[in-house]
Amino acid sequence: MERPSAVERVLREAAPHEIFDMARALIEQRHQAVSVELLMADYAMTKLQPVGVLPHTRPPVPAHGTAPGRAFGSQKPHWVHDGPASTVTVCLPVSVRGDRLGVLSVTLPVGTDGIGADVLEDLQGYADALGHEIVVVERDTDLFLQARRAERLTLAAEMQWQLLPGRSCCRPEYSIGAQLEPAYAIFGDCFDWSTSADDLTLTVSNGMGEGIDAALLTNLAVNALRNARRAGLSLADQAFLADQAVYGQHQGRQYLSTLLLRFHLPTGNVQIIDAGSPRIWRLRKGSVEAIELDAQMPLGMFEDTAYTAQDFSVEPGDRLLFISDGVYDALSPAGEKYSLHALAEAITSTRLLPASQVPRGMLEELLGHRGPGPAADDSLVVCLDWHGRPSRG
């Protein structure tokens with residue numbers, strides 16, 4: 001069977017809940033695999049959960065310090081010899097356009113020549129085809145979404161995770177990574193992005209309130225922004241229409257703090273509307289600085305608020321961090337805000353990580369600053385690495 005067209009065709013024709021079973025059968029037939037396992041990254045990005053019928057009968061694999069974890073983190077195949085080296089387990093990243101979904105683990109019999117490059121390339125093709133098909137069939141089956149949860153989500157968290165575009169993405173011009181905490185009980189923080197031929201639109205939001213009320217507010221605002229964006233409106237008009245939608249529903253009793261950004265991909269010119277509390281930090285040539293913007297009213301606070309976009313620019317090599325108040329206002333046991341000293345240290349200490357891994361790393365450092373016990377607020381970190389548009393030849 002020729003890869004990739006025939007494999008992709010077989011997966012497309014399979015029932016939504018059977019695509020992994022079909023991929024496993026193809027791999028076992030083609031490579032005489034001893035075992036094939038699909039591990040999905042959990043919502044907290046700390047575990048890799050095996051796909052299977054609930055309840056889970058196999059324990060999860062840590063997303064760090066294991067062979068599958070190394071493949072997941074590096075986004076490159078990783079393999080280890082098993083037992084007396086008669087078999088080898090190959091772990092391959094399952095990702096779609098930079099969004100890390102999980103790992104495909106394949107155990108193969110191996111001879112003295114080891115695993116050839118053609119075998120690795122073939123197996124990675126299966127992992128890529130499986131990743132793209134998972135994104136499609138999640139509309140029709142809960143199998144893969146169930147595998148992602150290491151514990152039960154609150155209803156507010158379920159609503160928020162379903163609202164998101166993904167947790168990372170990349171194009172030649174940029175790479176984005178994002179994470180929410182507490183992953184299984186998030187309620188008001190949210191992010192969204194969309195790209196076109198020449199523009200990237202990014203929003204980072206923090207809805208007031210807790211639980212279902214905050215999740216409903218965020219859902220209303222994000223979908224109002226999407227509706228305006230998809231109508232081709234300017235950034236200022238997107239903010240204005242979302243403001244009207246939120247105010248019309250809540251009459252100023254609830255509102256949403258939001259950063260809206262539109263990046264022009266060919267030039268790095270940016271339009272920004274600062275409508276609330278999420279903040280921007282920039283790492284440029286090893287130096288960390290907070291970006292001060294013209295503050296405007298949160299969405300839905302007052303009726304008919306007019307918004308004005310502010311100009312900004314990014315340079316190749318810049319890293320932008322978009323951070324909610326649950327991060328920069330978090331207090332240490334001694335009462336020191338995270339944003340005073342520890343935040344800059346966290347940005348610097350994670351500078352060598354790819355954008356997709358930075359939010360998880362920063363939130364782990366936040367936990368060390370805050371200490372044990374429940375957080376007072378949910379937290380969001382979005383990291384954007386700006387590469388700039390490559391020259392044409």
# chains A, B, ... in the order shown; residues from 1 in each chain; ligands from 1
>>> closest_atom_pairs(of="stretch 238-279 of chain A", to="stretch 227-231 of chain A", cutoff="12 Å", atoms="only C-alpha atoms", output="JSON lines")
{"residue": "A:Gln238", "atom": "CA", "partner": "A:Ala228", "partner_atom": "CA", "distance": 5.1}
{"residue": "A:Ala239", "atom": "CA", "partner": "A:Ala228", "partner_atom": "CA", "distance": 8.4}
{"residue": "A:Phe240", "atom": "CA", "partner": "A:Ala228", "partner_atom": "CA", "distance": 9.2}
{"residue": "A:Leu241", "atom": "CA", "partner": "A:Ala228", "partner_atom": "CA", "distance": 6.9}
{"residue": "A:Ala242", "atom": "CA", "partner": "A:Ala228", "partner_atom": "CA", "distance": 7.7}
{"residue": "A:Asp243", "atom": "CA", "partner": "A:Ala228", "partner_atom": "CA", "distance": 11.1}
{"residue": "A:Gln244", "atom": "CA", "partner": "A:Ala228", "partner_atom": "CA", "distance": 11.5}
{"residue": "A:Ala245", "atom": "CA", "partner": "A:Ala228", "partner_atom": "CA", "distance": 10.8}
{"residue": "A:Leu260", "atom": "CA", "partner": "A:Arg229", "partner_atom": "CA", "distance": 11.2}
{"residue": "A:Leu261", "atom": "CA", "partner": "A:Arg229", "partner_atom": "CA", "distance": 11.7}
{"residue": "A:Arg262", "atom": "CA", "partner": "A:Arg229", "partner_atom": "CA", "distance": 10.7}
>>> residues_around(residues="stretch 8-14 of chain A", least_positions_apart="3", cutoff="9 Å", atoms="only C-alpha atoms", output="PyMOL selection string")
chain A and resi 3-5+17-20+22-23+126+129-130+133
>>> write_last_selection(atoms="N, CA and C atoms", output="PDB file, in the first residue's frame")
ATOM      1  N   ARG A   3       1.980   5.004   0.560  1.00  0.00           N
ATOM      2  CA  ARG A   3       1.746   6.097   1.474  1.00  0.00           C
ATOM      3  C   ARG A   3       2.158   7.387   0.779  1.00  0.00           C
ATOM      4  N   PRO A   4       1.439   8.551   0.935  1.00  0.00           N
ATOM      5  CA  PRO A   4       0.376   8.683   1.924  1.00  0.00           C
ATOM      6  C   PRO A   4      -1.033   8.542   1.371  1.00  0.00           C
ATOM      7  N   SER A   5      -1.215   8.610   0.061  1.00  0.00           N
ATOM      8  CA  SER A   5      -2.560   8.740  -0.482  1.00  0.00           C
ATOM      9  C   SER A   5      -3.457   7.567  -0.117  1.00  0.00           C
ATOM     10  N   HIS A  17     -14.827   6.495  15.045  1.00  0.00           N
ATOM     11  CA  HIS A  17     -14.228   5.886  16.239  1.00  0.00           C
ATOM     12  C   HIS A  17     -13.262   4.758  15.905  1.00  0.00           C
ATOM     13  N   GLU A  18     -13.115   4.442  14.611  1.00  0.00           N
ATOM     14  CA  GLU A  18     -12.276   3.309  14.217  1.00  0.00           C
ATOM     15  C   GLU A  18     -11.008   3.716  13.467  1.00  0.00           C
ATOM     16  N   ILE A  19     -10.739   5.018  13.339  1.00  0.00           N
ATOM     17  CA  ILE A  19      -9.592   5.412  12.517  1.00  0.00           C
ATOM     18  C   ILE A  19      -8.275   4.932  13.114  1.00  0.00           C
ATOM     19  N   PHE A  20      -8.153   4.962  14.456  1.00  0.00           N
ATOM     20  CA  PHE A  20      -6.907   4.468  15.033  1.00  0.00           C
ATOM     21  C   PHE A  20      -6.802   2.956  14.875  1.00  0.00           C
ATOM     22  N   MET A  22      -7.924   1.230  12.470  1.00  0.00           N
ATOM     23  CA  MET A  22      -7.557   0.987  11.082  1.00  0.00           C
ATOM     24  C   MET A  22      -6.079   1.290  10.851  1.00  0.00           C
ATOM     25  N   ALA A  23      -5.603   2.419  11.414  1.00  0.00           N
ATOM     26  CA  ALA A  23      -4.178   2.754  11.272  1.00  0.00           C
ATOM     27  C   ALA A  23      -3.300   1.693  11.925  1.00  0.00           C
ATOM     28  N   TYR A 126       2.303   7.785   8.714  1.00  0.00           N
ATOM     29  CA  TYR A 126       1.099   7.295   9.376  1.00  0.00           C
ATOM     30  C   TYR A 126       0.678   8.235  10.508  1.00  0.00           C
ATOM     31  N   ALA A 129      -0.869  11.395   9.000  1.00  0.00           N
ATOM     32  CA  ALA A 129      -2.207  11.136   8.464  1.00  0.00           C
ATOM     33  C   ALA A 129      -3.212  10.947   9.588  1.00  0.00           C
ATOM     34  N   LEU A 130      -2.798  10.255  10.647  1.00  0.00           N
ATOM     35  CA  LEU A 130      -3.686  10.036  11.782  1.00  0.00           C
ATOM     36  C   LEU A 130      -4.024  11.351  12.470  1.00  0.00           C
ATOM     37  N   GLU A 133      -6.588  13.326  10.525  1.00  0.00           N
ATOM     38  CA  GLU A 133      -7.913  12.708  10.571  1.00  0.00           C
ATOM     39  C   GLU A 133      -8.556  12.876  11.949  1.00  0.00           C
TER      40      GLU A 133
END
>>> residues_around(residues="A:Phe72", least_positions_apart="2", cutoff="7 Å", atoms="only C-alpha atoms", output="ChimeraX atom specification")
/A:68-70,74-75,93,102-103
>>> closest_residue(among="A:Ser105, A:Thr201, A:Asn206, A:Thr66", to="A:Val36", atoms="only C-alpha atoms")
A:Ser105
>>> residues_around(residues="A:Phe144", least_positions_apart="4", cutoff="7 Å", atoms="only C-alpha atoms", output="PDB file with N, CA and C atoms, in the first residue's frame")
ATOM      1  N   VAL A  51      -5.328   6.000  24.047  1.00  0.00           N
ATOM      2  CA  VAL A  51      -6.662   6.003  23.468  1.00  0.00           C
ATOM      3  C   VAL A  51      -7.267   4.618  23.629  1.00  0.00           C
ATOM      4  N   GLU A 138     -13.070  14.475  15.366  1.00  0.00           N
ATOM      5  CA  GLU A 138     -13.491  14.925  16.693  1.00  0.00           C
ATOM      6  C   GLU A 138     -14.848  15.616  16.663  1.00  0.00           C
ATOM      7  N   ARG A 148      -8.044  12.592  26.237  1.00  0.00           N
ATOM      8  CA  ARG A 148      -7.226  13.730  26.656  1.00  0.00           C
ATOM      9  C   ARG A 148      -7.401  14.086  28.122  1.00  0.00           C
TER      10      ARG A 148
END
>>> select_by_dssp(residues="stretch 54-292 of chain A", states="helix (DSSP H, G or I)", output="PyMOL selection string")
chain A and resi 67-74+117-137+143-147+155-163+211-230+235-250
>>> select_by_dssp(residues="stretch 19-236 of chain A", states="strand (DSSP E or B)", output="number ranges by chain")
A: 35-41, 47-50, 61-62, 78-82, 87-96, 99-109, 168-171, 174-181, 189-195, 199-207
>>> closest_residue(among="A:Ser257, A:Ser35, A:Gln296, A:Gln124", to="A:Thr89", atoms="only C-alpha atoms")
A:Ser35
>>> closest_residue(among="A:Val110, A:Ala295, A:Leu123, A:Leu380", to="A:Val7", atoms="only C-alpha atoms")
A:Leu123
>>> closest_residue(among="A:Leu283, A:Met45, A:Val106, A:Ala221", to="A:Glu28", atoms="only C-alpha atoms")
A:Val106
>>> residues_around(residues="stretch 298-304 of chain A", least_positions_apart="2", cutoff="6 Å", atoms="only C-alpha atoms", output="PyMOL selection string")
chain A and resi 243+246-247+252+255-257+275-276
